[in-house]
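Participant: Pasting a structure here, questions to come.
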Amino acid sequence: MTEKIKAYADLARVHGVSVTASMSLLGALTSTAGLNFITAAYLVIIGFFTHISLNALNELKDVEIDSQIPESSLKPLVRGVISIENAKKFVMTSIIVLFLLLFMLFPRPEAIIVFLMSYIWLFWYCWGIGKRISYSFDISFAAGYTLFALFGTYAVGNPTIYTWILMGAMVAISLF
């Protein structure tokens with residue numbers, strides 16, 4: 001049982017959840033409203049499901065490539081610890097839970113629109129389409145994570161001058 005849990009954690013790359021979750025928290029901290037503990041917890045939950053759904057999708061789409069690379073031989077899909085069908089179910093379930101929570105916890109239209117813009121950028125890359133285009137990794141994450149931070153801003157309030165400074169810094173750091 002613990003091997004299965006570890007395999008799904010590897011599939012979803014949970015070790016990087018804090019990076020994804022911190023983007024929306026940074027955006028929220030620059031908004032016109034204060035960030036309370038409950039809202040911060042909600043943003044972390046949205047960040048968690050955003051992260052695991054996209055990374056599991058990425059692993060699913062890369063399984064053929066990963067099976068040809070010796071360094072990737074320990075990945076759960078390559079080893080067969082998780083079946084392709086179960087990985088697809090995991091991705092779909094995590095996406096459904098993500099969007100249900102998004103609409104329940106942050107029903108504000110601005111937050112949802114910006115979240116969708118972020119998710120589409122990152123989904124495009126993780127689906128594999130974006131991987132075939134030069135510099136798409138840099139552009140996808142510069143846009144996706146910056147928009148995810150802006151989602152955090154709109155989730156709790158409105159942008160301030162600090163929000164736009166953060167956005168500019170995130171794009172610059174991601175691109176350069």
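How things are named: the first chain in the structure tokens is A, the next is B, and so on; residues count from 1 in each chain; ligands count from 1 in the order shown.
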If you run DSSP on this backbone, which residues of region 11-71 of chain A come out as helix (DSSP H, G or I), and could you give them as a ChimeraX atom specification?
Facilitator: /A:11,14-29,37-61,63-66,70-71
Participant: Tell me, as a list in words, which residues lie within 6 Å of Asn158 (chain A), counting only C-alpha atoms; anything in the same chain fewer than 5 positions away does not count.
Facilitator: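 So, after excluding close chain neighbours, the residues are Ser31, Thr32 and Thr153 of chain A.
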Participant: Quick one: write out the picked residues with C-alpha atoms as a PDB file, in the first residue's frame?
Facilitator:
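Just written: selection.pdb:
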```pdb
ATOM      1  CA  SER A  31      -3.396  42.338  -3.438  1.00  0.00           C
ATOM      2  CA  THR A  32      -5.524  45.138  -2.025  1.00  0.00           C
ATOM      3  CA  THR A 153      -4.238  38.375  -6.327  1.00  0.00           C
TER       4      THR A 153
END
```
Participant: For Gly34 (chain A), find every residue with an atom within 9 Å (counting only C-alpha atoms), except residues of its own chain fewer than 6 positions away, and show them as an mmCIF file with all heavy atoms, in the first residue's frame.
Facilitator:
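Result file is result-v2.cif:
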```cif
data_model
loop_
_atom_site.group_PDB
_atom_site.id
_atom_site.type_symbol
_atom_site.label_atom_id
_atom_site.label_comp_id
_atom_site.auth_asym_id
_atom_site.auth_seq_id
_atom_site.Cartn_x
_atom_site.Cartn_y
_atom_site.Cartn_z
ATOM 1 N N ALA A 28 -1.385 36.781 -3.852
ATOM 2 C CA ALA A 28 -2.363 37.200 -2.842
ATOM 3 C C ALA A 28 -1.764 38.228 -1.882
ATOM 4 O O ALA A 28 -2.451 39.155 -1.453
ATOM 5 C CB ALA A 28 -2.872 35.987 -2.073
ATOM 6 N N VAL A 156 -8.211 37.081 -3.684
ATOM 7 C CA VAL A 156 -8.433 37.756 -2.400
ATOM 8 C C VAL A 156 -8.753 39.243 -2.529
ATOM 9 O O VAL A 156 -9.260 39.843 -1.597
ATOM 10 C CB VAL A 156 -7.224 37.576 -1.435
ATOM 11 C CG1 VAL A 156 -7.003 36.126 -1.126
ATOM 12 C CG2 VAL A 156 -5.967 38.201 -1.985
ATOM 13 N N GLY A 157 -8.432 39.841 -3.655
ATOM 14 C CA GLY A 157 -8.658 41.282 -3.791
ATOM 15 C C GLY A 157 -8.395 41.726 -5.215
ATOM 16 O O GLY A 157 -8.745 41.039 -6.165
#
```
Participant: Please produce, as JSON lines, a per-residue contact table for region 4-90 of chain A versus region 102-119 of chain A (criterion: any atom at most 10 Å away, only C-alpha atoms considered), showing the nearest atom pair and its distance in Å to one decimal, sorted by chain then residue number.
Facilitator:
```
{"residue": "A:Ser24", "atom": "CA", "partner": "A:Phe115", "partner_atom": "CA", "distance": 9.8}
{"residue": "A:Thr39", "atom": "CA", "partner": "A:Leu105", "partner_atom": "CA", "distance": 8.6}
{"residue": "A:Tyr42", "atom": "CA", "partner": "A:Leu105", "partner_atom": "CA", "distance": 7.0}
{"residue": "A:Leu43", "atom": "CA", "partner": "A:Leu105", "partner_atom": "CA", "distance": 8.9}
{"residue": "A:Ile45", "atom": "CA", "partner": "A:Leu102", "partner_atom": "CA", "distance": 9.4}
{"residue": "A:Ile46", "atom": "CA", "partner": "A:Leu102", "partner_atom": "CA", "distance": 6.7}
{"residue": "A:Phe49", "atom": "CA", "partner": "A:Leu102", "partner_atom": "CA", "distance": 9.8}
{"residue": "A:Thr50", "atom": "CA", "partner": "A:Tyr119", "partner_atom": "CA", "distance": 7.7}
{"residue": "A:His51", "atom": "CA", "partner": "A:Tyr119", "partner_atom": "CA", "distance": 9.9}
{"residue": "A:Leu54", "atom": "CA", "partner": "A:Tyr119", "partner_atom": "CA", "distance": 8.5}
```
Participant: Can you work out the spacing between CA of Val17 (chain A) and CA of Ile5 (chain A) in Å, to one decimal?
Facilitator: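 These atoms are spaced 16.0 Å apart.
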Participant: For Leu147 (chain A), which residue among A:Ser94, A:Thr20, A:Ser67, A:Asn55 is the nearest when counting only C-alpha atoms?
Facilitator: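 For Leu147 (chain A), the nearest of the given residues is A:Thr20.
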Participant: Residues near Leu122 (chain A), anyone? I mean within 7 Å using only C-alpha atoms, not counting same-chain ones fewer than 3 positions away, as a ChimeraX atom specification.
Facilitator: /A:118-119,125-126,140-141,144
Participant: Tell me, as a PyMOL selection string, which residues lie within 10 Å of Gln68 (chain A), counting only C-alpha atoms; anything in the same chain fewer than 5 positions away does not count.
Facilitator: chain A and resi 63+73+78
Participant: Those residues you just picked out, can you put them in a file as an mmCIF file, in the first residue's frame with N, CA, C and O atoms?
Facilitator:
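And here is the file that came out, selection03.cif:
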```cif
data_model
loop_
_atom_site.group_PDB
_atom_site.id
_atom_site.type_symbol
_atom_site.label_atom_id
_atom_site.label_comp_id
_atom_site.auth_asym_id
_atom_site.auth_seq_id
_atom_site.Cartn_x
_atom_site.Cartn_y
_atom_site.Cartn_z
ATOM 1 N N VAL A 63 5.442 8.971 -21.154
ATOM 2 C CA VAL A 63 5.784 7.602 -20.780
ATOM 3 C C VAL A 63 6.583 6.879 -21.868
ATOM 4 O O VAL A 63 7.514 6.126 -21.559
ATOM 5 N N SER A 73 13.963 5.080 -15.705
ATOM 6 C CA SER A 73 13.458 3.716 -15.531
ATOM 7 C C SER A 73 12.743 3.492 -14.198
ATOM 8 O O SER A 73 12.004 2.526 -14.057
ATOM 9 N N VAL A 78 6.689 3.881 -16.088
ATOM 10 C CA VAL A 78 7.682 3.075 -16.813
ATOM 11 C C VAL A 78 7.829 1.709 -16.154
ATOM 12 O O VAL A 78 7.893 0.681 -16.829
#
```
Participant: Pick the closest to Val81 (chain A) from A:Val44, A:Leu26, A:Ala7, A:Val14: which is it, counting only C-alpha atoms?
Facilitator: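 The shortest atom-to-atom distance to Val81 (chain A) comes from A:Ala7.
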Participant: Residues at most 12 Å from Thr93 (chain A), counting only C-alpha atoms, excluding those fewer than 4 positions away in the same chain, as a list in words?
Facilitator: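 Listing them by chain and then by number gives Phe49, Thr50, Ile52, Ser53, Leu54, Ala56, Leu57, Asn86, Ala87, Lys88, Lys89, Val97, Leu98, Phe99 and Leu100 of chain A.
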Participant: May I have the selected residues written with all heavy atoms, as a compact mmCIF listing (two decimals), in the first residue's frame?
Facilitator:
```
# COMPACT_ATOMS: atom_id res chain seq x y z
N PHE A 49 -3.80 20.74 -6.20
CA PHE A 49 -4.49 20.04 -7.27
C PHE A 49 -4.07 20.52 -8.66
O PHE A 49 -4.04 19.73 -9.61
CB PHE A 49 -6.01 20.11 -7.08
CG PHE A 49 -6.50 19.15 -6.05
CD1 PHE A 49 -6.81 19.58 -4.77
CD2 PHE A 49 -6.61 17.80 -6.33
CE1 PHE A 49 -7.23 18.68 -3.80
CE2 PHE A 49 -7.03 16.89 -5.37
CZ PHE A 49 -7.34 17.33 -4.10
N THR A 50 -3.71 21.78 -8.78
CA THR A 50 -3.16 22.27 -10.04
C THR A 50 -1.87 21.53 -10.35
O THR A 50 -1.67 21.02 -11.46
CB THR A 50 -2.90 23.79 -9.97
OG1 THR A 50 -4.13 24.46 -9.71
CG2 THR A 50 -2.28 24.31 -11.24
N ILE A 52 -0.58 18.62 -9.09
CA ILE A 52 -0.63 17.17 -9.31
C ILE A 52 -1.33 16.81 -10.62
O ILE A 52 -0.92 15.87 -11.31
CB ILE A 52 -1.23 16.39 -8.12
CG1 ILE A 52 -2.72 16.66 -7.95
CG2 ILE A 52 -0.45 16.66 -6.85
CD1 ILE A 52 -3.41 15.70 -6.99
N SER A 53 -2.36 17.57 -11.01
CA SER A 53 -3.06 17.25 -12.26
C SER A 53 -2.15 17.48 -13.46
O SER A 53 -2.08 16.65 -14.36
CB SER A 53 -4.35 18.05 -12.38
OG SER A 53 -4.11 19.43 -12.49
N LEU A 54 -1.44 18.60 -13.47
CA LEU A 54 -0.57 18.91 -14.60
C LEU A 54 0.65 18.01 -14.66
O LEU A 54 1.06 17.56 -15.74
CB LEU A 54 -0.16 20.38 -14.55
CG LEU A 54 -1.28 21.38 -14.82
CD1 LEU A 54 -0.85 22.79 -14.50
CD2 LEU A 54 -1.77 21.26 -16.25
N ALA A 56 1.00 14.94 -13.37
CA ALA A 56 0.60 13.57 -13.72
C ALA A 56 0.29 13.49 -15.22
O ALA A 56 0.65 12.50 -15.88
CB ALA A 56 -0.60 13.13 -12.89
N LEU A 57 -0.34 14.52 -15.77
CA LEU A 57 -0.59 14.57 -17.20
C LEU A 57 0.74 14.56 -17.97
O LEU A 57 0.89 13.84 -18.95
CB LEU A 57 -1.39 15.82 -17.57
CG LEU A 57 -1.59 16.08 -19.06
CD1 LEU A 57 -2.46 14.99 -19.69
CD2 LEU A 57 -2.20 17.46 -19.27
N ASN A 86 -5.02 3.73 -15.01
CA ASN A 86 -5.15 4.34 -13.68
C ASN A 86 -4.55 5.73 -13.64
O ASN A 86 -5.05 6.61 -12.94
CB ASN A 86 -4.52 3.44 -12.62
CG ASN A 86 -5.39 2.27 -12.27
OD1 ASN A 86 -6.59 2.25 -12.56
ND2 ASN A 86 -4.81 1.24 -11.66
N ALA A 87 -3.49 5.95 -14.41
CA ALA A 87 -2.91 7.29 -14.49
C ALA A 87 -3.90 8.25 -15.14
O ALA A 87 -4.06 9.39 -14.68
CB ALA A 87 -1.60 7.25 -15.26
N LYS A 88 -4.58 7.80 -16.19
CA LYS A 88 -5.60 8.64 -16.83
C LYS A 88 -6.73 8.97 -15.85
O LYS A 88 -7.20 10.11 -15.79
CB LYS A 88 -6.18 7.94 -18.06
CG LYS A 88 -5.23 7.87 -19.23
CD LYS A 88 -5.84 7.11 -20.38
CE LYS A 88 -4.88 6.99 -21.54
NZ LYS A 88 -5.47 6.22 -22.65
N LYS A 89 -7.15 7.97 -15.08
CA LYS A 89 -8.21 8.21 -14.08
C LYS A 89 -7.74 9.20 -13.02
O LYS A 89 -8.50 10.06 -12.57
CB LYS A 89 -8.61 6.89 -13.42
CG LYS A 89 -9.38 5.97 -14.33
CD LYS A 89 -9.65 4.64 -13.65
CE LYS A 89 -10.28 3.64 -14.61
NZ LYS A 89 -10.43 2.31 -13.99
N VAL A 97 -11.71 17.47 -9.38
CA VAL A 97 -11.67 17.98 -8.00
C VAL A 97 -11.14 19.42 -7.99
O VAL A 97 -11.69 20.29 -7.31
CB VAL A 97 -10.81 17.06 -7.09
CG1 VAL A 97 -10.54 17.71 -5.75
CG2 VAL A 97 -11.47 15.71 -6.92
N LEU A 98 -10.10 19.67 -8.79
CA LEU A 98 -9.54 21.02 -8.87
C LEU A 98 -10.60 22.04 -9.26
O LEU A 98 -10.77 23.06 -8.59
CB LEU A 98 -8.39 21.05 -9.89
CG LEU A 98 -7.89 22.43 -10.31
CD1 LEU A 98 -7.30 23.18 -9.13
CD2 LEU A 98 -6.88 22.30 -11.44
N PHE A 99 -11.33 21.76 -10.33
CA PHE A 99 -12.29 22.76 -10.81
C PHE A 99 -13.51 22.87 -9.90
O PHE A 99 -14.06 23.96 -9.74
CB PHE A 99 -12.65 22.51 -12.27
CG PHE A 99 -11.58 23.02 -13.19
CD1 PHE A 99 -10.59 22.18 -13.67
CD2 PHE A 99 -11.53 24.36 -13.52
CE1 PHE A 99 -9.58 22.66 -14.48
CE2 PHE A 99 -10.53 24.86 -14.33
CZ PHE A 99 -9.54 24.00 -14.81
N LEU A 100 -13.92 21.79 -9.29
CA LEU A 100 -15.01 21.88 -8.30
C LEU A 100 -14.58 22.77 -7.14
O LEU A 100 -15.33 23.67 -6.71
CB LEU A 100 -15.39 20.49 -7.79
CG LEU A 100 -16.19 19.62 -8.74
CD1 LEU A 100 -16.37 18.21 -8.15
CD2 LEU A 100 -17.55 20.24 -9.03
```
Participant: One decimal, Å: what's the distance from CA of Asp66 (chain A) over to CA of Arg79 (chain A), could you say?
Facilitator: 10.3 Å
